[in-house]
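Structure file data-v3.txt (compact mmCIF, C-alpha atoms) follows.
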```txt
# COMPACT_ATOMS: atom_id res chain seq x y z
CA MET A 1352 -2.97 28.98 -6.79
CA THR A 1353 -6.37 30.48 -7.40
CA TYR A 1354 -9.06 28.25 -8.80
CA GLN A 1355 -9.70 28.47 -12.55
CA LEU A 1356 -13.08 27.49 -13.91
CA PRO A 1357 -12.78 25.10 -16.90
CA PRO A 1358 -12.63 27.10 -20.17
CA VAL A 1359 -16.11 26.42 -21.61
CA LEU A 1360 -17.85 27.29 -18.35
CA SER A 1361 -15.79 30.39 -17.75
CA GLU A 1362 -16.51 31.55 -21.31
CA THR A 1363 -20.23 30.94 -20.72
CA ARG A 1364 -20.14 32.93 -17.50
CA ASP A 1365 -18.25 35.83 -19.09
CA ASP A 1366 -20.63 35.88 -22.07
CA PHE A 1367 -23.61 36.16 -19.74
CA LEU A 1368 -22.03 38.86 -17.61
CA ASP A 1369 -20.99 40.90 -20.66
CA LEU A 1370 -24.60 41.18 -21.77
CA ALA A 1371 -27.24 43.64 -20.62
CA GLU A 1372 -29.63 41.91 -18.22
CA SER A 1373 -32.50 41.71 -20.69
CA ASP A 1374 -30.28 40.02 -23.26
CA ARG A 1375 -29.14 37.36 -20.82
CA LEU A 1376 -32.52 35.69 -21.03
CA LEU A 1377 -32.20 35.51 -24.80
CA MET A 1378 -28.83 33.86 -24.44
CA LEU A 1379 -30.35 31.32 -22.07
CA LEU A 1380 -33.02 30.73 -24.71
CA GLU A 1381 -30.27 30.06 -27.27
CA PHE A 1382 -28.67 27.57 -24.91
CA SER A 1383 -32.03 25.83 -24.53
CA GLN A 1384 -32.25 25.46 -28.30
CA ASP A 1385 -28.74 23.98 -28.41
CA LEU A 1386 -29.29 21.19 -25.89
CA PRO A 1387 -27.91 18.13 -27.70
CA SER A 1388 -30.44 15.34 -28.08
CA LEU A 1389 -29.87 12.11 -26.20
CA PRO A 1390 -27.83 9.43 -27.94
CA GLU A 1391 -30.10 6.59 -29.05
CA LYS A 1392 -28.71 4.13 -26.52
CA TYR A 1393 -30.10 6.33 -23.71
CA ALA A 1394 -33.21 7.55 -25.49
CA ASP A 1395 -34.37 3.92 -25.54
CA HIS A 1396 -33.54 3.35 -21.87
CA PRO A 1397 -35.32 5.94 -19.78
CA GLU A 1398 -34.63 3.89 -16.63
CA LEU A 1399 -30.97 4.87 -16.85
CA LEU A 1400 -31.81 8.52 -16.53
CA GLU A 1401 -32.06 10.31 -13.20
CA ARG A 1402 -34.82 12.82 -12.67
CA VAL A 1403 -33.79 16.15 -11.17
CA GLU A 1404 -36.55 16.33 -8.58
CA GLU A 1405 -35.73 19.89 -7.59
CA CYS A 1406 -36.80 21.21 -10.98
CA GLN A 1407 -40.48 21.88 -11.55
CA SER A 1408 -40.15 20.53 -15.08
CA PRO A 1409 -39.30 16.92 -15.85
CA VAL A 1410 -35.57 17.04 -16.58
CA TYR A 1411 -33.43 13.93 -16.62
CA ILE A 1412 -29.68 13.57 -16.60
CA PHE A 1413 -27.20 10.83 -17.30
CA VAL A 1414 -23.45 10.84 -16.79
CA GLU A 1415 -20.79 8.65 -18.39
CA VAL A 1416 -17.26 8.33 -17.09
CA SER A 1417 -14.82 6.70 -19.55
CA PRO A 1418 -12.00 4.35 -18.46
CA GLU A 1419 -9.69 7.35 -19.06
CA SER A 1420 -11.74 9.32 -16.49
CA VAL A 1421 -13.33 11.62 -19.06
CA VAL A 1422 -16.83 12.84 -18.23
CA ASN A 1423 -19.78 13.03 -20.60
CA VAL A 1424 -23.10 14.48 -19.53
CA TYR A 1425 -26.47 14.00 -21.23
CA ALA A 1426 -29.75 15.60 -20.38
CA THR A 1427 -33.27 15.76 -21.66
CA ALA A 1428 -36.04 18.25 -20.84
CA PRO A 1429 -39.28 19.13 -22.61
CA GLU A 1430 -39.33 21.75 -25.37
CA GLN A 1431 -41.97 23.51 -23.29
CA SER A 1432 -39.47 24.04 -20.44
CA PRO A 1433 -36.93 26.37 -22.04
CA THR A 1434 -35.43 27.69 -18.81
CA THR A 1435 -34.71 24.22 -17.52
CA ARG A 1436 -33.43 23.15 -20.92
CA GLY A 1437 -31.15 26.18 -20.96
CA PHE A 1438 -29.70 25.29 -17.56
CA ALA A 1439 -29.18 21.68 -18.64
CA SER A 1440 -27.56 22.79 -21.86
CA ILE A 1441 -25.04 25.04 -20.08
CA LEU A 1442 -23.98 22.15 -17.87
CA VAL A 1443 -23.97 19.50 -20.62
CA GLN A 1444 -21.81 21.67 -22.86
CA GLY A 1445 -19.63 22.91 -20.01
CA LEU A 1446 -18.90 19.58 -18.36
CA SER A 1447 -18.66 17.17 -21.26
CA GLY A 1448 -15.04 16.33 -22.04
CA LEU A 1449 -13.71 17.39 -18.63
CA SER A 1450 -11.69 15.05 -16.47
CA VAL A 1451 -13.35 13.71 -13.33
CA GLU A 1452 -11.16 15.96 -11.23
CA GLU A 1453 -12.01 19.09 -13.22
CA ALA A 1454 -15.73 18.35 -13.14
CA LEU A 1455 -15.81 17.70 -9.41
CA GLY A 1456 -13.87 20.91 -8.83
CA ILE A 1457 -16.60 23.12 -10.26
CA PRO A 1458 -17.88 25.26 -7.41
CA ALA A 1459 -21.39 24.37 -6.25
CA ASP A 1460 -22.41 28.02 -6.61
CA PHE A 1461 -21.46 28.25 -10.29
CA PRO A 1462 -25.15 28.75 -11.27
CA ASP A 1463 -25.31 31.83 -9.05
CA THR A 1464 -22.41 33.47 -10.85
CA LEU A 1465 -24.11 33.82 -14.25
CA GLY A 1466 -25.95 37.02 -13.40
CA LEU A 1467 -29.37 35.40 -13.78
CA THR A 1468 -30.67 35.38 -10.20
CA LYS A 1469 -32.34 38.77 -10.44
CA LEU A 1470 -33.96 37.93 -13.77
CA ILE A 1471 -35.00 34.40 -13.07
CA SER A 1472 -35.49 34.31 -9.29
CA PRO A 1473 -33.38 32.34 -6.85
CA LEU A 1474 -35.99 29.57 -6.80
CA ARG A 1475 -35.55 28.89 -10.48
CA VAL A 1476 -31.75 29.08 -10.33
CA ARG A 1477 -31.87 26.53 -7.51
CA GLY A 1478 -33.01 23.96 -10.07
CA MET A 1479 -29.71 24.38 -11.87
CA THR A 1480 -27.76 24.10 -8.62
CA ALA A 1481 -29.52 20.80 -7.96
CA MET A 1482 -28.75 19.61 -11.48
CA LEU A 1483 -25.04 20.34 -11.00
CA TRP A 1484 -25.07 18.59 -7.64
CA ARG A 1485 -26.73 15.48 -9.08
CA ILE A 1486 -24.30 15.39 -12.00
CA LYS A 1487 -21.34 15.57 -9.62
CA ARG A 1488 -22.84 12.84 -7.44
CA GLN A 1489 -23.17 10.56 -10.48
CA ILE A 1490 -19.59 11.34 -11.50
CA LYS A 1491 -18.40 10.32 -8.02
CA GLU A 1492 -20.39 7.09 -8.10
CA LYS A 1493 -19.29 6.18 -11.60
CA SER A 1494 -15.63 7.02 -11.16
CA SER A 1495 -15.29 5.03 -7.94
CA THR A 1496 -16.70 1.87 -9.53
CA SER A 1497 -14.81 2.05 -12.82
CA MET B 1368 -59.55 50.50 -3.67
CA HIS B 1369 -61.23 47.15 -3.70
CA LEU B 1370 -64.00 46.54 -6.16
CA PRO B 1371 -66.36 43.83 -5.07
CA ILE B 1372 -66.96 40.96 -7.40
CA ARG B 1373 -70.51 42.08 -8.20
CA ASN B 1374 -69.00 44.85 -10.30
CA LEU B 1375 -68.06 42.16 -12.78
CA GLY B 1376 -71.72 42.18 -13.75
CA VAL B 1377 -71.35 45.49 -15.55
CA MET B 1378 -68.22 44.64 -17.48
CA SER B 1379 -68.03 45.73 -21.06
CA VAL B 1380 -66.90 42.43 -22.57
CA SER B 1381 -69.69 39.90 -22.18
CA PRO B 1382 -68.87 36.71 -20.31
CA ASP B 1383 -68.24 33.34 -21.89
CA HIS B 1384 -71.55 31.49 -21.61
CA ASN B 1385 -69.88 28.10 -21.89
CA PRO B 1386 -72.23 25.58 -20.23
CA LYS B 1387 -69.35 24.07 -18.23
CA PHE B 1388 -68.95 27.34 -16.33
CA ALA B 1389 -72.63 27.73 -15.49
CA SER B 1390 -72.41 25.78 -12.24
CA TYR B 1391 -69.51 27.86 -10.93
CA ALA B 1392 -70.28 30.66 -8.50
CA HIS B 1393 -68.70 33.27 -10.77
CA PRO B 1394 -68.68 31.88 -14.30
CA GLU B 1395 -67.57 35.28 -15.62
CA ALA B 1396 -64.12 34.72 -14.08
CA LEU B 1397 -63.28 32.07 -16.70
CA VAL B 1398 -63.11 31.98 -20.47
CA SER B 1399 -62.67 28.96 -22.71
CA THR B 1400 -60.11 28.56 -25.47
CA GLU B 1401 -62.96 28.61 -28.05
CA TRP B 1402 -64.23 31.93 -26.69
CA LEU B 1403 -60.79 33.50 -26.68
CA SER B 1404 -59.88 32.24 -30.15
CA THR B 1405 -62.60 34.41 -31.69
CA ARG B 1406 -61.63 37.50 -29.71
CA LEU B 1407 -57.91 37.83 -30.36
CA ASN B 1408 -58.25 41.22 -31.99
CA GLU B 1409 -60.64 42.95 -29.66
CA ASP B 1410 -59.26 46.25 -28.45
CA ASN B 1411 -60.70 46.10 -24.97
CA ILE B 1412 -59.29 42.64 -24.23
CA VAL B 1413 -55.63 42.19 -23.36
CA ILE B 1414 -54.32 38.64 -23.13
CA VAL B 1415 -51.55 38.14 -20.58
CA GLU B 1416 -49.24 35.14 -20.38
CA SER B 1417 -47.79 34.41 -16.95
CA ASP B 1418 -45.65 31.30 -16.53
CA GLU B 1419 -43.48 29.45 -14.11
CA ASP B 1420 -40.88 29.19 -16.87
CA VAL B 1421 -39.60 32.68 -17.56
CA LEU B 1422 -38.68 31.87 -21.19
CA LEU B 1423 -41.80 30.04 -22.26
CA TYR B 1424 -43.52 33.12 -23.68
CA GLU B 1425 -40.51 33.68 -25.95
CA ILE B 1426 -40.79 30.27 -27.63
CA GLY B 1427 -44.37 30.99 -28.66
CA HIS B 1428 -47.44 32.69 -27.23
CA ILE B 1429 -51.06 33.34 -28.13
CA PRO B 1430 -51.13 35.99 -30.89
CA GLY B 1431 -51.30 39.43 -29.33
CA ALA B 1432 -50.58 38.23 -25.80
CA VAL B 1433 -48.23 40.25 -23.60
CA LYS B 1434 -45.99 38.74 -20.92
CA ILE B 1435 -46.11 39.51 -17.23
CA ASP B 1436 -43.51 37.71 -15.16
CA TRP B 1437 -44.40 37.00 -11.54
CA HIS B 1438 -40.84 37.49 -10.38
CA THR B 1439 -39.56 40.48 -12.32
CA ASP B 1440 -42.85 42.35 -12.82
CA LEU B 1441 -45.01 41.63 -9.79
CA ASN B 1442 -42.51 41.13 -6.96
CA ASP B 1443 -40.66 43.97 -5.31
CA PRO B 1444 -36.96 43.53 -6.12
CA ILE B 1445 -35.80 44.20 -2.55
CA VAL B 1446 -38.48 43.50 0.04
CA ARG B 1447 -40.40 40.21 0.01
CA ASP B 1448 -43.63 41.85 -1.13
CA TYR B 1449 -45.53 42.77 -4.25
CA VAL B 1450 -44.91 45.92 -6.22
CA HIS B 1451 -46.59 49.13 -5.13
CA GLY B 1452 -49.23 51.08 -7.02
CA GLU B 1453 -46.76 53.22 -8.98
CA ARG B 1454 -44.87 50.24 -10.34
CA PHE B 1455 -48.03 48.26 -11.04
CA ALA B 1456 -49.41 51.23 -12.98
CA GLU B 1457 -46.15 51.52 -14.91
CA ILE B 1458 -46.11 47.83 -15.84
CA LEU B 1459 -49.76 47.59 -16.83
CA GLY B 1460 -49.58 50.87 -18.74
CA SER B 1461 -46.55 49.62 -20.67
CA LYS B 1462 -48.50 46.49 -21.64
CA GLY B 1463 -51.40 48.55 -22.97
CA ILE B 1464 -53.76 47.69 -20.12
CA SER B 1465 -56.21 50.30 -18.82
CA ARG B 1466 -58.36 50.12 -15.72
CA ASP B 1467 -61.39 49.18 -17.86
CA THR B 1468 -59.55 46.57 -19.95
CA THR B 1469 -60.77 42.99 -19.78
CA VAL B 1470 -57.63 41.03 -18.93
CA VAL B 1471 -57.48 37.33 -19.77
CA ILE B 1472 -54.55 35.57 -18.11
CA TYR B 1473 -53.20 32.17 -19.07
CA GLY B 1474 -50.06 30.24 -18.25
CA ASP B 1475 -48.24 26.94 -17.90
CA LYS B 1476 -48.72 24.28 -15.18
CA SER B 1477 -52.54 24.36 -15.19
CA ASN B 1478 -52.49 28.12 -14.66
CA TRP B 1479 -50.55 28.20 -11.36
CA TRP B 1480 -48.76 31.38 -12.18
CA ALA B 1481 -51.67 32.77 -14.10
CA ALA B 1482 -53.80 32.42 -10.96
CA TYR B 1483 -50.99 34.01 -8.97
CA ALA B 1484 -50.90 36.98 -11.36
CA LEU B 1485 -54.70 37.22 -11.20
CA TRP B 1486 -54.51 37.31 -7.41
CA VAL B 1487 -52.05 40.23 -7.57
CA PHE B 1488 -54.33 42.01 -10.07
CA LYS B 1489 -57.11 41.57 -7.50
CA LEU B 1490 -54.95 43.08 -4.72
CA PHE B 1491 -55.09 46.16 -6.92
CA GLY B 1492 -58.80 45.64 -7.50
CA HIS B 1493 -58.56 45.37 -11.28
CA PRO B 1494 -62.27 45.07 -12.13
CA ASP B 1495 -62.31 42.54 -14.96
CA VAL B 1496 -59.65 39.86 -14.97
CA ARG B 1497 -60.34 36.30 -16.05
CA LEU B 1498 -58.43 33.05 -16.46
CA LEU B 1499 -58.25 31.01 -19.65
CA ASP B 1500 -59.54 27.59 -18.57
CA GLY B 1501 -56.84 25.01 -19.35
CA GLY B 1502 -54.17 27.66 -19.86
CA ARG B 1503 -51.29 27.44 -22.25
CA ASP B 1504 -51.18 23.67 -22.52
CA LYS B 1505 -54.79 23.31 -23.61
CA TRP B 1506 -54.45 26.08 -26.18
CA ILE B 1507 -51.42 24.36 -27.69
CA ALA B 1508 -52.90 20.85 -27.40
CA GLU B 1509 -55.85 22.02 -29.47
CA GLY B 1510 -53.48 23.11 -32.20
CA ARG B 1511 -54.43 26.77 -31.92
CA ASP B 1512 -52.16 29.50 -33.26
CA ILE B 1513 -49.09 30.50 -31.37
CA THR B 1514 -46.49 32.95 -32.52
CA THR B 1515 -43.08 34.31 -31.59
CA ALA B 1516 -43.91 37.65 -33.21
CA LYS B 1517 -43.20 40.65 -30.99
CA VAL B 1518 -46.34 42.24 -29.65
CA HIS B 1519 -46.61 46.00 -29.77
CA ARG B 1520 -49.54 47.48 -27.96
CA ALA B 1521 -49.84 51.21 -27.55
CA ALA B 1522 -48.98 52.18 -23.98
CA THR B 1523 -51.82 53.41 -21.81
CA THR B 1524 -52.07 55.28 -18.56
CA TYR B 1525 -53.06 52.94 -15.76
CA PRO B 1526 -54.10 54.75 -12.57
CA ILE B 1527 -51.99 54.49 -9.44
CA ILE B 1528 -54.03 52.31 -7.14
CA THR B 1529 -53.16 51.63 -3.52
CA ARG B 1530 -52.82 47.90 -3.10
CA ASP B 1531 -55.41 46.51 -0.71
CA ASP B 1532 -53.91 43.65 1.31
CA SER B 1533 -56.81 43.44 3.74
CA VAL B 1534 -59.25 41.29 1.79
CA GLN B 1535 -57.49 38.68 -0.36
CA ARG B 1536 -54.18 38.44 1.44
CA ALA B 1537 -53.22 36.97 4.81
CA PHE B 1538 -50.04 37.71 6.73
CA ARG B 1539 -48.48 35.57 9.42
CA GLU B 1540 -50.28 37.48 12.17
CA ASP B 1541 -53.57 36.89 10.36
CA VAL B 1542 -52.89 33.17 10.24
CA LEU B 1543 -52.06 33.13 13.96
CA ALA B 1544 -55.33 34.91 14.69
CA HIS B 1545 -57.16 32.52 12.37
CA LEU B 1546 -55.95 29.27 14.01
CA GLY B 1547 -58.92 27.05 14.72
CA GLN B 1548 -60.68 28.13 11.54
CA PRO B 1549 -60.31 26.43 8.15
CA LEU B 1550 -56.93 26.41 6.47
CA ILE B 1551 -56.06 24.59 3.27
CA ASP B 1552 -52.48 23.42 2.73
CA VAL B 1553 -52.09 22.85 -1.00
CA ARG B 1554 -48.57 21.38 -1.00
CA SER B 1555 -47.72 17.75 -1.69
CA PRO B 1556 -48.56 15.17 1.02
CA GLN B 1557 -44.83 14.81 1.82
CA GLU B 1558 -44.46 18.55 2.35
CA TYR B 1559 -47.59 18.54 4.50
CA SER B 1560 -46.43 15.72 6.76
CA GLY B 1561 -42.97 17.20 7.14
CA GLU B 1562 -41.29 14.10 5.78
CA ARG B 1563 -37.91 14.90 4.29
CA THR B 1564 -37.88 14.23 0.60
CA HIS B 1565 -34.63 15.85 -0.45
CA MET B 1566 -31.29 14.19 -1.04
CA PRO B 1567 -28.97 14.06 1.99
CA ASP B 1568 -26.70 16.99 1.17
CA TYR B 1569 -29.24 19.05 -0.69
CA PRO B 1570 -30.51 21.83 1.54
CA GLN B 1571 -34.21 21.72 2.30
CA GLU B 1572 -36.10 24.37 0.42
CA SER B 1573 -35.64 27.45 2.54
CA ALA B 1574 -37.89 26.47 5.45
CA LEU B 1575 -36.06 25.32 8.55
CA ARG B 1576 -38.83 23.05 9.82
CA GLY B 1577 -41.17 20.62 8.10
CA GLY B 1578 -44.87 20.06 8.74
CA HIS B 1579 -47.99 22.19 8.49
CA VAL B 1580 -50.01 24.88 10.24
CA PRO B 1581 -52.12 23.26 13.00
CA GLY B 1582 -55.59 22.36 11.78
CA ALA B 1583 -54.81 22.79 8.09
CA ALA B 1584 -56.43 20.27 5.77
CA SER B 1585 -54.20 18.76 3.11
CA VAL B 1586 -55.62 19.29 -0.36
CA PRO B 1587 -52.87 19.36 -2.99
CA TRP B 1588 -53.68 22.13 -5.50
CA SER B 1589 -53.79 19.65 -8.38
CA LYS B 1590 -57.01 18.09 -7.05
CA ALA B 1591 -58.75 21.10 -8.57
CA ALA B 1592 -57.24 20.55 -12.02
CA ALA B 1593 -58.24 17.99 -14.63
CA GLU B 1594 -55.77 16.15 -16.87
CA ASP B 1595 -56.05 18.81 -19.56
CA GLY B 1596 -55.28 21.61 -17.11
CA THR B 1597 -58.87 22.88 -16.92
CA PHE B 1598 -60.63 23.34 -13.62
CA ARG B 1599 -62.67 20.38 -12.42
CA ALA B 1600 -66.43 20.55 -12.65
CA ARG B 1601 -68.34 22.08 -9.75
CA GLU B 1602 -69.56 18.78 -8.31
CA GLU B 1603 -66.02 17.38 -8.34
CA LEU B 1604 -64.76 20.49 -6.55
CA ASP B 1605 -67.55 20.16 -3.99
CA ALA B 1606 -66.50 16.55 -3.40
CA VAL B 1607 -62.88 17.57 -2.82
CA TYR B 1608 -63.30 20.67 -0.68
CA LEU B 1609 -66.65 20.17 1.07
CA GLU B 1610 -66.86 16.42 1.60
CA GLY B 1611 -63.09 15.79 1.47
CA ALA B 1612 -61.62 18.75 3.36
CA GLY B 1613 -64.69 19.51 5.44
CA LEU B 1614 -65.21 23.12 4.38
CA LYS B 1615 -68.71 24.47 4.89
CA PRO B 1616 -70.31 27.17 2.74
CA GLY B 1617 -69.66 30.55 4.33
CA ASP B 1618 -66.39 29.47 5.98
CA ASP B 1619 -63.59 31.96 6.34
CA VAL B 1620 -60.64 30.16 4.68
CA ILE B 1621 -56.91 30.76 4.34
CA THR B 1622 -54.87 28.91 1.72
CA TYR B 1623 -51.12 28.51 1.66
CA CYS B 1624 -48.36 26.56 -0.06
CA ARG B 1625 -44.61 27.18 -0.16
CA ILE B 1626 -44.44 30.74 -1.50
CA GLY B 1627 -48.07 31.45 -2.29
CA GLU B 1628 -48.28 30.57 -5.97
CA ARG B 1629 -49.98 27.15 -5.94
CA SER B 1630 -52.30 28.41 -3.22
CA SER B 1631 -53.42 31.24 -5.52
CA HIS B 1632 -54.81 28.51 -7.75
CA THR B 1633 -56.81 27.08 -4.84
CA TRP B 1634 -57.76 30.60 -3.72
CA PHE B 1635 -59.25 31.17 -7.18
CA VAL B 1636 -61.14 27.87 -7.02
CA LEU B 1637 -62.64 28.57 -3.61
CA LYS B 1638 -63.53 32.17 -4.35
CA TYR B 1639 -64.67 32.25 -7.95
CA LEU B 1640 -65.69 28.70 -8.72
CA MET B 1641 -67.18 27.68 -5.36
CA GLY B 1642 -68.28 31.09 -4.11
CA PHE B 1643 -66.55 31.34 -0.72
CA GLU B 1644 -66.71 35.06 0.04
CA THR B 1645 -63.87 35.23 2.52
CA VAL B 1646 -60.78 33.46 1.22
CA ARG B 1647 -57.32 34.79 1.77
CA ASN B 1648 -54.04 33.59 0.33
CA TYR B 1649 -51.16 33.47 2.82
CA ASP B 1650 -48.29 34.24 0.45
CA GLY B 1651 -45.68 34.07 3.20
CA SER B 1652 -46.62 30.40 3.21
CA TRP B 1653 -44.37 27.61 4.38
CA VAL B 1654 -41.14 29.39 3.53
CA GLU B 1655 -42.09 31.93 6.20
CA TRP B 1656 -44.06 29.77 8.65
CA GLY B 1657 -41.56 26.91 8.63
CA SER B 1658 -38.75 29.32 9.51
CA ALA B 1659 -40.55 31.58 11.96
CA VAL B 1660 -39.69 31.36 15.65
CA ARG B 1661 -42.29 29.94 18.03
CA VAL B 1662 -45.18 29.48 15.65
CA PRO B 1663 -47.03 26.21 16.19
CA ILE B 1664 -46.34 23.37 13.74
CA VAL B 1665 -47.89 19.95 13.37
CA VAL B 1666 -45.91 17.06 11.88
CA GLY B 1667 -47.57 14.02 10.31
CA THR B 1668 -50.55 13.28 8.15
CA GLU B 1669 -53.27 14.48 10.56
CA PRO B 1670 -54.34 18.14 10.67
CA GLY B 1671 -53.65 18.17 14.41
CA LYS B 1672 -54.79 20.58 17.11
CA LEU B 1673 -53.49 23.81 18.54
```
Serialized structure, structure tokens:
Amino acid sequence: MTYQLPPVLSETRDDFLDLAESDRLLMLLEFSQDLPSLPEKYADHPELLERVEECQSPVYIFVEVSPESVVNVYATAPEQSPTTRGFASILVQGLSGLSVEEALGIPADFPDTLGLTKLISPLRVRGMTAMLWRIKRQIKEKSSTS
Amino acid sequence: MHLPIRNLGVMSVSPDHNPKFASYAHPEALVSTEWLSTRLNEDNIVIVESDEDVLLYEIGHIPGAVKIDWHTDLNDPIVRDYVHGERFAEILGSKGISRDTTVVIYGDKSNWWAAYALWVFKLFGHPDVRLLDGGRDKWIAEGRDITTAKVHRAATTYPIITRDDSVQRAFREDVLAHLGQPLIDVRSPQEYSGERTHMPDYPQESALRGGHVPGAASVPWSKAAAEDGTFRAREELDAVYLEGAGLKPGDDVITYCRIGERSSHTWFVLKYLMGFETVRNYDGSWVEWGSAVRVPIVVGTEPGKL
């Protein structure tokens, strides 16, 4: 059976690829504006958040795994870092609500499949790859202890 | 065609006579936010925003500023190199920049990418290009106007200039020939020493080996920037680069970082603020050197010998 990307992520990817290259940046900008804010319980506890060191901008992530093995992802990044916010927003929206198994199954190269590398440079896209990797690592840690 | 810096003396837009700049070797290479704020509508000045974050311009920019992206506009899409004269002329013309335009560049991250763009402008010998001291962050912190309004400048014809890589740019062979003379490594101390900082299964950033070019002094780029993103005062720069890194006036210096962007910032400091005449930026930088076969590398916190 061929691998199927979870629906929200595959829709995101198709939406990007359907657009002309110049419009893809605007869609990333829209994603950056739609990054959900942190729930208060995390906003007040910055020590719970993990910094994505590979990103030039300060972006922090936090993952929850429920007893039913459902994943929730939170992220925060400065308003003045729209590209990083956009990357975080794609992953937060695409991974939240997935099962642990579905989330861990997302290919590591998902960020490279959005048609952004030419527009944004591989170095910038690498930040998103690192974000996905750190999210998956947290999911693994949190699902093995729960 | 390379225009020597002394040609800046005949530029049409007068320099910013801000007292802070007076002690720099070439005060005309900088403008302050105050100076720029009263010149937003001058026809012979074009303001250029150049950022690390490719979307930052879109969320708000200085009124009238155009965007030049280091990756999509200044880099060749295929070869690891900068665009050629035809493409540079096309891009600048489309932004309404002429050869005699005064270009003021600003950007995020204390002007890293702005300095990088300025360096590329200088490879093409653009006569009058200046940096906005403090860049985007200072402009915004001071509560000055920003806008998301689309900027329409009438296109101009920019001449096709052959890029001159011989004066401001160093290639790997140049660095090999330069060994034993001053080099400044502007990366973080951990990158300089070759210590691995990444997570276990995260691939190290492109270079296969860690460390630095033998003899290079470690001076992270940020030592030249103050908290507000402006350049440090001349005496502070002297303390960092002369006393600290051991440079002597008149030295021939090569700067490098990972891909050449942070080292453009230091290149600008050494050349325009401190007056070193021969400073080259090695844009191949660690991504090239740390992956090249049989080039010498030193690991650890000492500059090391050949």
Could you list, as JSON, numbers by chain, every residue within 10 Å of range 1412-1417 of chain A, counting only C-alpha atoms and ignoring same-chain residues fewer than 2 positions away?
{"A": [1389, 1393, 1397, 1399, 1400, 1401, 1402, 1403, 1410, 1419, 1420, 1421, 1422, 1423, 1424, 1425, 1426, 1427, 1428, 1439, 1443, 1446, 1447, 1448, 1449, 1450, 1451, 1482, 1483, 1485, 1486, 1487, 1488, 1489, 1490, 1491, 1492, 1493, 1494, 1495, 1496, 1497]}
So which residues touch range 1582-1597 of chain B within 8 Å, counting all atoms listed in the file, skipping near sequence neighbours fewer than 5 positions away, as a short mmCIF file (atom, residue, chain, number, x, y, z; two decimals) with C-alpha atoms, in the coordinates of the input?
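That gives us around.cif:
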```
data_model
loop_
_atom_site.label_atom_id
_atom_site.label_comp_id
_atom_site.auth_asym_id
_atom_site.auth_seq_id
_atom_site.Cartn_x
_atom_site.Cartn_y
_atom_site.Cartn_z
CA LYS B 1476 -48.72 24.28 -15.18
CA SER B 1477 -52.54 24.36 -15.19
CA ASN B 1478 -52.49 28.12 -14.66
CA ASP B 1500 -59.54 27.59 -18.57
CA GLY B 1501 -56.84 25.01 -19.35
CA GLY B 1502 -54.17 27.66 -19.86
CA ASP B 1504 -51.18 23.67 -22.52
CA LYS B 1505 -54.79 23.31 -23.61
CA LEU B 1546 -55.95 29.27 14.01
CA GLY B 1547 -58.92 27.05 14.72
CA GLN B 1548 -60.68 28.13 11.54
CA PRO B 1549 -60.31 26.43 8.15
CA LEU B 1550 -56.93 26.41 6.47
CA ILE B 1551 -56.06 24.59 3.27
CA ASP B 1552 -52.48 23.42 2.73
CA VAL B 1553 -52.09 22.85 -1.00
CA ARG B 1554 -48.57 21.38 -1.00
CA SER B 1555 -47.72 17.75 -1.69
CA PRO B 1556 -48.56 15.17 1.02
CA TYR B 1559 -47.59 18.54 4.50
CA LEU B 1604 -64.76 20.49 -6.55
CA VAL B 1607 -62.88 17.57 -2.82
CA TYR B 1608 -63.30 20.67 -0.68
CA ALA B 1612 -61.62 18.75 3.36
CA ARG B 1629 -49.98 27.15 -5.94
CA SER B 1630 -52.30 28.41 -3.22
CA HIS B 1632 -54.81 28.51 -7.75
CA THR B 1633 -56.81 27.08 -4.84
CA VAL B 1636 -61.14 27.87 -7.02
CA PRO B 1670 -54.34 18.14 10.67
CA GLY B 1671 -53.65 18.17 14.41
CA LYS B 1672 -54.79 20.58 17.11
CA LEU B 1673 -53.49 23.81 18.54
#
```
Which distance in Å separates CA of Ile1513 in chain B and CA of Leu1441 in chain B, to one decimal?
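Rounded to one decimal, the two atoms are 24.6 Å apart.
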For the interface of chain B with chain A (cut-off 8 Å, counting only C-alpha atoms), please tabulate each contacting residue of chain B alongside its nearest pair of atoms and their separation in Å to one decimal, rows sorted by chain and increasing number, as JSON lines.
```
{"residue": "B:Asp1420", "atom": "CA", "partner": "A:Thr1434", "partner_atom": "CA", "distance": 6.0}
{"residue": "B:Val1421", "atom": "CA", "partner": "A:Thr1434", "partner_atom": "CA", "distance": 6.6}
{"residue": "B:Leu1422", "atom": "CA", "partner": "A:Thr1434", "partner_atom": "CA", "distance": 5.8}
{"residue": "B:Leu1423", "atom": "CA", "partner": "A:Pro1433", "partner_atom": "CA", "distance": 6.1}
{"residue": "B:Ile1426", "atom": "CA", "partner": "A:Pro1433", "partner_atom": "CA", "distance": 7.8}
{"residue": "B:His1438", "atom": "CA", "partner": "A:Ser1472", "partner_atom": "CA", "distance": 6.3}
{"residue": "B:Thr1439", "atom": "CA", "partner": "A:Leu1470", "partner_atom": "CA", "distance": 6.3}
{"residue": "B:Pro1444", "atom": "CA", "partner": "A:Lys1469", "partner_atom": "CA", "distance": 7.9}
{"residue": "B:Tyr1569", "atom": "CA", "partner": "A:Ala1481", "partner_atom": "CA", "distance": 7.5}
```
If I take CA of Ile1621 in chain B and CA of Tyr1639 in chain B, how far is one from the other in Å, to one decimal?
14.6 Å
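Non-sequential neighbours of Glu1419 in chain B (distance at most 8 Å, separation of 2 or more positions within a chain, all atoms listed in the file) are Ser1417, Val1421, Gly1474, Asp1475, Lys1476, Trp1479 and Trp1480 of chain B.
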